[in-house]
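File shown: structure.csv (CSV, C-alpha atoms and all ligand atoms).
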chain,number,residue,atom,x,y,z
A,1173,MET,CA,19.0,-12.3,7.1
A,1174,GLU,CA,17.5,-13.3,10.4
A,1175,ARG,CA,16.2,-16.8,10.9
A,1176,GLY,CA,13.8,-17.7,13.6
A,1177,SER,CA,10.6,-19.3,14.5
A,1178,ALA,CA,8.0,-17.5,12.3
A,1179,GLU,CA,4.8,-16.5,13.9
A,1180,ARG,CA,2.4,-18.3,11.7
A,1181,SER,CA,-1.3,-18.5,11.6
A,1182,VAL,CA,-2.3,-22.2,11.3
A,1183,VAL,CA,-4.6,-22.9,8.4
A,1184,ILE,CA,-6.3,-26.2,8.4
A,1185,GLY,CA,-5.2,-28.4,5.5
A,1186,GLU,CA,-2.0,-26.4,4.7
A,1187,PRO,CA,1.3,-28.3,5.0
A,1188,ALA,CA,3.8,-26.8,7.4
A,1189,ALA,CA,6.5,-24.7,5.8
A,1190,VAL,CA,10.0,-26.1,6.2
A,1191,ALA,CA,13.1,-24.2,7.3
A,1192,ALA,CA,11.0,-21.0,7.8
A,1193,ILE,CA,12.7,-17.6,7.2
A,1194,ASP,CA,10.8,-15.0,9.1
A,1195,LEU,CA,11.2,-11.7,7.3
A,1196,ARG,CA,9.3,-9.7,9.9
A,1197,PRO,CA,12.3,-8.6,12.0
A,1198,SER,CA,14.3,-7.5,9.0
A,1199,ILE,CA,11.3,-5.6,7.5
A,1200,GLU,CA,10.4,-3.9,10.8
A,1201,ALA,CA,14.1,-2.9,11.5
A,1202,PHE,CA,14.3,-1.3,8.0
A,1203,ILE,CA,11.0,0.5,8.5
A,1204,ARG,CA,12.0,1.8,11.9
A,1205,ALA,CA,15.2,3.3,10.4
A,1206,ALA,CA,13.5,4.8,7.3
A,1207,PRO,CA,13.2,8.6,7.2
A,1208,ASN,CA,9.9,8.6,5.4
A,1209,ASN,CA,7.5,9.4,8.2
A,1210,LEU,CA,9.5,12.1,9.8
A,1211,PHE,CA,9.9,13.8,6.4
A,1212,LEU,CA,6.1,13.7,5.7
A,1213,LYS,CA,5.2,14.9,9.1
A,1214,GLY,CA,7.7,17.7,9.0
A,1215,HIS,CA,6.4,19.0,5.7
A,1216,LEU,CA,2.7,18.6,6.6
A,1217,ASP,CA,3.3,20.7,9.7
A,1218,ALA,CA,5.0,23.3,7.6
A,1219,ILE,CA,2.0,23.9,5.2
A,1220,ASP,CA,0.9,27.5,5.5
A,1221,GLU,CA,-0.8,28.5,2.3
A,1222,PRO,CA,-4.5,27.5,2.4
A,1223,VAL,CA,-4.4,26.2,-1.2
A,1224,ASP,CA,-1.6,23.8,-0.4
A,1225,VAL,CA,-4.0,21.7,1.7
A,1226,PRO,CA,-6.3,20.6,-1.2
A,1227,ARG,CA,-3.2,20.4,-3.4
A,1228,PHE,CA,-1.4,18.1,-1.0
A,1229,LEU,CA,-4.6,16.0,-0.5
A,1230,HIS,CA,-5.0,15.7,-4.3
A,1231,ARG,CA,-1.5,14.4,-4.8
A,1232,PHE,CA,-1.9,12.1,-1.7
A,1233,LEU,CA,-5.0,10.5,-3.1
A,1234,LEU,CA,-3.5,10.1,-6.6
A,1235,PHE,CA,-0.5,8.2,-5.1
A,1236,ASN,CA,-2.8,6.0,-3.1
A,1237,ASP,CA,-5.0,5.2,-6.1
A,1238,ALA,CA,-1.9,4.3,-8.2
A,1239,LEU,CA,-0.7,2.0,-5.4
A,1240,ALA,CA,-4.1,0.4,-4.8
A,1241,ALA,CA,-4.4,-0.5,-8.5
A,1242,ARG,CA,-1.3,-2.6,-8.4
A,1243,VAL,CA,-2.6,-4.8,-5.5
A,1244,PRO,CA,-5.1,-6.9,-7.4
A,1245,TYR,CA,-2.7,-7.0,-10.3
A,1246,LEU,CA,0.0,-8.6,-8.1
A,1247,ALA,CA,-2.5,-11.1,-6.7
A,1248,GLY,CA,-3.5,-12.0,-10.2
A,1249,LEU,CA,0.1,-12.2,-11.4
A,1250,ILE,CA,1.0,-14.6,-8.6
A,1251,HIS,CA,-2.0,-16.8,-9.4
A,1252,LEU,CA,-1.2,-16.7,-13.1
A,1253,THR,CA,2.4,-17.9,-12.5
A,1254,PRO,CA,2.4,-21.7,-11.7
A,1255,ASP,CA,5.5,-23.7,-10.6
A,1256,LEU,CA,7.0,-20.8,-8.6
A,1257,PHE,CA,5.5,-21.6,-5.2
A,1258,LEU,CA,5.3,-25.3,-4.3
A,1259,ASP,CA,4.3,-27.1,-1.2
A,1260,PRO,CA,7.5,-28.8,-0.1
A,1261,GLY,CA,7.5,-32.6,0.2
A,1262,ARG,CA,4.0,-33.0,-1.3
A,1263,GLU,CA,2.6,-34.3,-4.5
A,1264,VAL,CA,4.0,-33.0,-7.8
A,1265,GLY,CA,2.1,-31.0,-10.5
A,1266,PHE,CA,-1.1,-29.2,-9.8
A,1267,LEU,CA,-1.5,-30.7,-6.4
A,1268,SER,CA,1.7,-29.0,-5.1
A,1269,GLN,CA,0.8,-25.4,-6.3
A,1270,ALA,CA,0.8,-22.9,-3.5
A,1271,ASN,CA,0.4,-19.8,-5.6
A,1272,ALA,CA,-3.3,-19.1,-5.1
A,1273,ARG,CA,-2.8,-19.2,-1.3
A,1274,ILE,CA,0.0,-16.7,-1.5
A,1275,ALA,CA,-2.1,-14.5,-3.8
A,1276,ALA,CA,-4.9,-14.7,-1.3
A,1277,HIS,CA,-2.9,-12.9,1.3
A,1278,VAL,CA,-2.3,-10.1,-1.2
A,1279,ALA,CA,-5.9,-10.2,-2.3
A,1280,GLU,CA,-7.1,-9.4,1.2
A,1281,ALA,CA,-6.1,-5.8,0.5
A,1282,ALA,CA,-7.6,-5.9,-3.0
A,1283,ALA,CA,-11.0,-7.1,-1.6
A,1284,ASP,CA,-11.1,-4.0,0.6
A,1285,GLU,CA,-10.2,-1.8,-2.3
A,1286,TYR,CA,-13.2,-3.0,-4.3
A,1287,ARG,CA,-15.7,-3.6,-1.5
A,1288,ILE,CA,-19.5,-3.3,-2.2
A,1289,GLU,CA,-21.2,-3.7,1.2
A,1290,ASN,CA,-25.0,-4.2,1.6
A,1291,GLY,CA,-25.5,-2.4,-1.7
A,1292,GLN,CA,-23.2,0.5,-0.6
A,1293,ASN,CA,-20.3,1.2,-3.0
A,1294,MET,CA,-17.2,1.3,-0.8
A,1295,VAL,CA,-14.8,1.2,-3.7
A,1296,HIS,CA,-11.8,3.2,-2.3
A,1297,GLN,CA,-11.3,5.2,-5.5
A,1298,HIS,CA,-15.0,6.2,-5.2
A,1299,LEU,CA,-14.7,7.1,-1.5
A,1300,SER,CA,-11.6,9.2,-2.3
A,1301,GLN,CA,-13.6,11.1,-4.9
A,1302,ILE,CA,-16.4,11.8,-2.4
A,1303,PHE,CA,-13.7,12.9,0.1
A,1304,PHE,CA,-12.0,15.2,-2.3
A,1305,ARG,CA,-15.2,16.8,-3.6
A,1306,ALA,CA,-16.1,17.6,0.0
A,1307,VAL,CA,-12.6,19.0,0.6
A,1308,LEU,CA,-13.0,21.3,-2.4
A,1309,ARG,CA,-16.4,22.4,-1.1
A,1310,GLN,CA,-14.7,23.5,2.1
A,1311,CYS,CA,-11.7,25.3,0.7
A,1312,TRP,CA,-12.0,25.9,-3.0
A,1313,PRO,CA,-14.2,28.7,-4.3
A,1314,GLY,CA,-14.5,27.5,-7.9
A,1315,ASP,CA,-16.2,24.5,-9.4
A,1316,PRO,CA,-14.5,21.2,-8.5
A,1317,GLY,CA,-13.3,20.4,-12.0
A,1318,ALA,CA,-11.5,23.8,-12.1
A,1319,PHE,CA,-9.2,22.7,-9.4
A,1320,GLU,CA,-7.3,20.2,-11.5
A,1321,ARG,CA,-7.1,22.7,-14.3
A,1322,ALA,CA,-5.7,25.3,-12.0
A,1323,HIS,CA,-3.3,22.9,-10.3
A,1324,PRO,CA,-2.4,20.3,-12.9
A,1325,THR,CA,-0.2,17.4,-11.8
A,1326,PRO,CA,3.4,18.4,-12.7
A,1327,PRO,CA,5.3,16.0,-15.0
A,1328,ALA,CA,7.7,15.0,-12.3
A,1329,ILE,CA,4.7,13.7,-10.2
A,1330,THR,CA,3.0,12.1,-13.2
A,1331,ALA,CA,6.3,10.2,-13.8
A,1332,LEU,CA,6.4,9.0,-10.2
A,1333,LEU,CA,2.8,7.9,-10.4
A,1334,SER,CA,3.6,5.9,-13.5
A,1335,GLU,CA,6.5,4.3,-11.6
A,1336,ALA,CA,4.2,3.5,-8.7
A,1337,ARG,CA,1.8,1.7,-11.0
A,1338,SER,CA,4.4,-0.3,-12.9
A,1339,LYS,CA,7.4,-0.9,-10.6
A,1340,PHE,CA,8.5,-4.6,-10.9
A,1341,PHE,CA,5.8,-5.4,-13.4
A,1342,ALA,CA,7.6,-4.7,-16.7
A,1343,ALA,CA,9.0,-8.2,-17.2
A,1344,PRO,CA,7.5,-10.4,-14.4
A,1345,ASP,CA,10.0,-13.2,-13.8
A,1346,PRO,CA,10.5,-14.9,-10.4
A,1347,ALA,CA,12.9,-12.2,-9.1
A,1348,MET,CA,10.5,-9.4,-10.1
A,1349,ILE,CA,7.6,-11.2,-8.4
A,1350,PHE,CA,9.6,-11.5,-5.2
A,1351,ALA,CA,10.6,-7.8,-5.4
A,1352,ALA,CA,7.0,-6.8,-6.1
A,1353,LEU,CA,6.0,-8.7,-2.9
A,1354,GLY,CA,8.5,-6.7,-0.9
A,1355,PHE,CA,7.2,-3.5,-2.5
A,1356,HIS,CA,3.7,-4.6,-1.6
A,1357,VAL,CA,4.6,-5.1,2.1
A,1358,GLY,CA,6.2,-1.6,2.0
A,1359,LEU,CA,3.2,0.1,0.5
A,1360,GLU,CA,0.8,-1.4,3.0
A,1361,PHE,CA,2.9,-0.5,6.0
A,1362,PHE,CA,3.7,3.0,4.8
A,1363,ALA,CA,0.0,3.5,3.9
A,1364,ASN,CA,-0.9,2.9,7.5
A,1365,GLU,CA,1.6,5.5,8.6
A,1366,GLU,CA,0.7,8.0,5.9
A,1367,PHE,CA,-3.1,7.9,6.6
A,1368,ASN,CA,-2.6,8.2,10.3
A,1369,LEU,CA,-0.2,11.1,9.9
A,1370,VAL,CA,-2.6,12.9,7.5
A,1371,ASP,CA,-5.6,12.2,9.7
A,1372,ARG,CA,-3.7,13.6,12.7
A,1373,TYR,CA,-2.6,16.7,10.7
A,1374,LEU,CA,-6.1,17.4,9.5
A,1375,ARG,CA,-7.7,17.0,12.9
A,1376,ASP,CA,-5.1,19.2,14.6
A,1377,ARG,CA,-4.8,21.9,11.9
A,1378,GLN,CA,-8.0,21.8,9.9
A,1379,PRO,CA,-10.6,20.8,12.5
A,1380,ALA,CA,-13.4,22.7,10.9
A,1381,MET,CA,-12.9,20.9,7.6
A,1382,VAL,CA,-12.8,17.5,9.3
A,1383,ALA,CA,-16.0,18.3,11.3
A,1384,ALA,CA,-17.8,19.3,8.1
A,1385,LEU,CA,-16.6,16.2,6.3
A,1386,GLU,CA,-17.5,13.9,9.2
A,1387,ASN,CA,-21.1,15.2,9.0
A,1388,GLY,CA,-21.8,15.0,12.7
A,1389,GLY,CA,-20.1,11.6,13.1
A,1390,GLU,CA,-22.4,9.6,10.9
A,1391,LYS,CA,-21.2,6.1,10.1
A,1392,PHE,CA,-20.7,6.9,6.5
A,1393,SER,CA,-19.5,10.4,5.7
A,1394,ASP,CA,-17.4,12.3,3.3
A,1395,TYR,CA,-14.4,11.6,5.6
A,1396,THR,CA,-14.9,7.8,5.4
A,1397,TRP,CA,-12.1,7.3,2.9
A,1398,LEU,CA,-9.6,8.8,5.2
A,1399,SER,CA,-10.8,7.4,8.5
A,1400,LEU,CA,-11.2,3.8,7.3
A,1401,HIS,CA,-7.6,3.8,6.0
A,1402,THR,CA,-6.3,4.7,9.5
A,1403,PHE,CA,-7.1,1.1,10.6
A,1404,VAL,CA,-7.5,-1.2,7.5
A,1405,GLU,CA,-3.9,-0.8,6.3
A,1406,ILE,CA,-2.3,-2.5,9.3
A,1407,GLY,CA,-4.3,-5.6,8.5
A,1408,HIS,CA,-3.1,-5.4,4.9
A,1409,TYR,CA,0.5,-5.1,6.1
A,1410,ARG,CA,0.1,-8.2,8.3
A,1411,ALA,CA,-1.4,-10.2,5.4
A,1412,GLY,CA,1.5,-9.0,3.3
A,1413,LEU,CA,4.0,-10.3,5.8
A,1414,GLU,CA,2.2,-13.7,5.7
A,1415,ALA,CA,2.5,-13.5,1.9
A,1416,VAL,CA,6.2,-12.9,1.8
A,1417,ASN,CA,7.0,-15.5,4.5
A,1418,ARG,CA,5.0,-18.1,2.7
A,1419,ALA,CA,6.5,-17.1,-0.7
A,1420,VAL,CA,10.0,-17.8,0.7
A,1421,ALA,CA,8.9,-21.0,2.4
A,1422,THR,CA,7.4,-22.4,-0.8
A,1423,TRP,CA,9.9,-21.0,-3.3
A,1424,ARG,CA,10.6,-23.9,-5.7
A,1425,ASP,CA,14.3,-23.9,-5.0
A,1426,PRO,CA,14.9,-24.0,-1.3
A,1427,ALA,CA,18.7,-23.7,-1.7
A,1428,THR,CA,18.2,-20.1,-3.0
A,1429,ALA,CA,15.4,-19.1,-0.6
A,1430,PRO,CA,17.7,-16.7,1.4
A,1431,LYS,CA,18.5,-15.0,-1.9
A,1432,MET,CA,14.8,-14.6,-2.7
A,1433,ALA,CA,14.3,-13.2,0.8
A,1434,GLU,CA,16.9,-10.6,0.1
A,1435,THR,CA,15.1,-9.8,-3.2
A,1436,ILE,CA,11.9,-9.1,-1.1
A,1437,MET,CA,14.0,-6.7,1.0
A,1438,ASP,CA,15.2,-5.0,-2.2
A,1439,GLY,CA,11.5,-4.5,-3.2
A,1440,LEU,CA,10.7,-3.0,0.3
A,1441,ARG,CA,13.6,-0.6,0.0
A,1442,ALA,CA,12.5,0.4,-3.5
A,1443,PHE,CA,9.1,1.3,-2.1
A,1444,ALA,CA,10.5,3.4,0.7
A,1445,ASP,CA,12.7,5.1,-1.9
A,1446,LEU,CA,9.8,5.8,-4.3
A,1447,GLN,CA,7.5,7.1,-1.6
A,1448,HIS,CA,10.3,9.4,-0.4
A,1449,ARG,CA,10.9,10.7,-3.9
A,1450,TYR,CA,7.1,11.2,-4.4
A,1451,TYR,CA,6.6,13.4,-1.4
A,1452,ARG,CA,9.8,15.3,-2.1
A,1453,ALA,CA,8.3,16.1,-5.5
A,1454,VAL,CA,5.0,17.0,-3.9
A,1455,PHE,CA,6.5,19.4,-1.4
A,1456,ALA,CA,8.9,20.8,-3.9
A,1457,GLU,CA,5.8,22.2,-5.8
A,1458,THR,CA,5.0,24.4,-2.8
A,1459,ALA,CA,8.5,25.3,-1.8
B,1,FE,FE,-7.6,1.7,-0.2
B,2,FE,FE,-3.9,-1.4,1.8
Would you write out, as structure tokens, the structure that this file holds?
Ligand SMILES: [Fe+2]
Ligand SMILES: [Fe+2]
Amino acid sequence: MERGSAERSVVIGEPAAVAAIDLRPSIEAFIRAAPNNLFLKGHLDAIDEPVDVPRFLHRFLLFNDALAARVPYLAGLIHLTPDLFLDPGREVGFLSQANARIAAHVAEAAADEYRIENGQNMVHQHLSQIFFRAVLRQCWPGDPGAFERAHPTPPAITALLSEARSKFFAAPDPAMIFAALGFHVGLEFFANEEFNLVDRYLRDRQPAMVAALENGGEKFSDYTWLSLHTFVEIGHYRAGLEAVNRAVATWRDPATAPKMAETIMDGLRAFADLQHRYYRAVFAETA
């Protein structure tokens, strides 16, 4: 585990963390070495049956919806668990609790997920439904509801979606919460990669569909779900890094902080493994 001077944003009124462990170098070294992006890009480029485009996009949005749903849950779970994260060297009891501030870094992503802006419903699940209906209008001759009947989600993918929703939530003890934080950082980082890869693929290989969905480049379009995720996820990832570094810095037992940092890395590795298995199952459908 690397130690170093963590890049920290200074928040007025927050006590400085002691003996900071900056997980960013370890996380980014792991991510750089992971095969996930190359695998996804290679298989996207190999799609040749027209129906495999909406089928891939359907599985892609199901995975993202399952992962999005766990973000507010994790934020709530951290806030619901007192005496785990404590400001070192401060008062005892309620005055030392740091859990809501750690939850807040996770909740940044949750707030985007459920955004209602100037009366416009920007809830990401809703935007993904708008996106997918428009995709089907472009490349599916039947009525939209018939698509899921014709291409039902296979049991292997349903099981992986269930794992995506519940991983590290079965019995939330401290180790599980730290692993869930590592999983969270992973899902935010890889979401940025995934959405940018899929956007690039669609623009290069399905330009007519993208043009139709973008509706002449209007600010809000059927393509909004995809385009907004090409830039919001990196902010969620940075907030997730802040959450994991602060979680380790405020863990109630500083002597075991390096062990908890390693548990975060286990969670990150578990996400990369799950995402890899998910897309293997998705592309196995069309093989
Ligand atoms: Fe989202
Ligand atoms: Fe996100």
Nearest residue to ligand FE 1 (chain B) from the set A:Leu1216, A:Ala1442, A:Ala1206, A:Leu1359 (distances using only C-alpha atoms and all ligand atoms):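 Ranked by minimum distance to ligand FE 1 (chain B), first place goes to A:Leu1359.
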When you count only C-alpha atoms and all ligand atoms, which of these residues is closest to ligand FE 1 (chain B): A:Pro1346, A:Pro1244, A:Pro1379, A:Gly1261?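 When distances to ligand FE 1 (chain B) are compared using only C-alpha atoms and all ligand atoms, the smallest one comes from A:Pro1244.
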Residue contacts of Leu1413 (chain A) (12 Å, only C-alpha atoms) excluding same-chain residues fewer than 6 positions away, as a ChimeraX atom specification: /A:1178-1181,1193-1200,1274,1277-1278,1353-1361,1406-1407,1419-1420,1433,1436-1437,1440
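With all atoms listed in the file as the atoms that count, the residue of A:Leu1374, A:Leu1400, A:Val1225, A:Ala1459 with the shortest distance to ligand FE 1 (chain B) is A:Leu1400.
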Which value, in Å to one decimal, gives the distance between CA of Ala1352 (chain A) and CA of Arg1452 (chain A)?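 Between CA of Ala1352 (chain A) and CA of Arg1452 (chain A) the gap works out to 22.6 Å.
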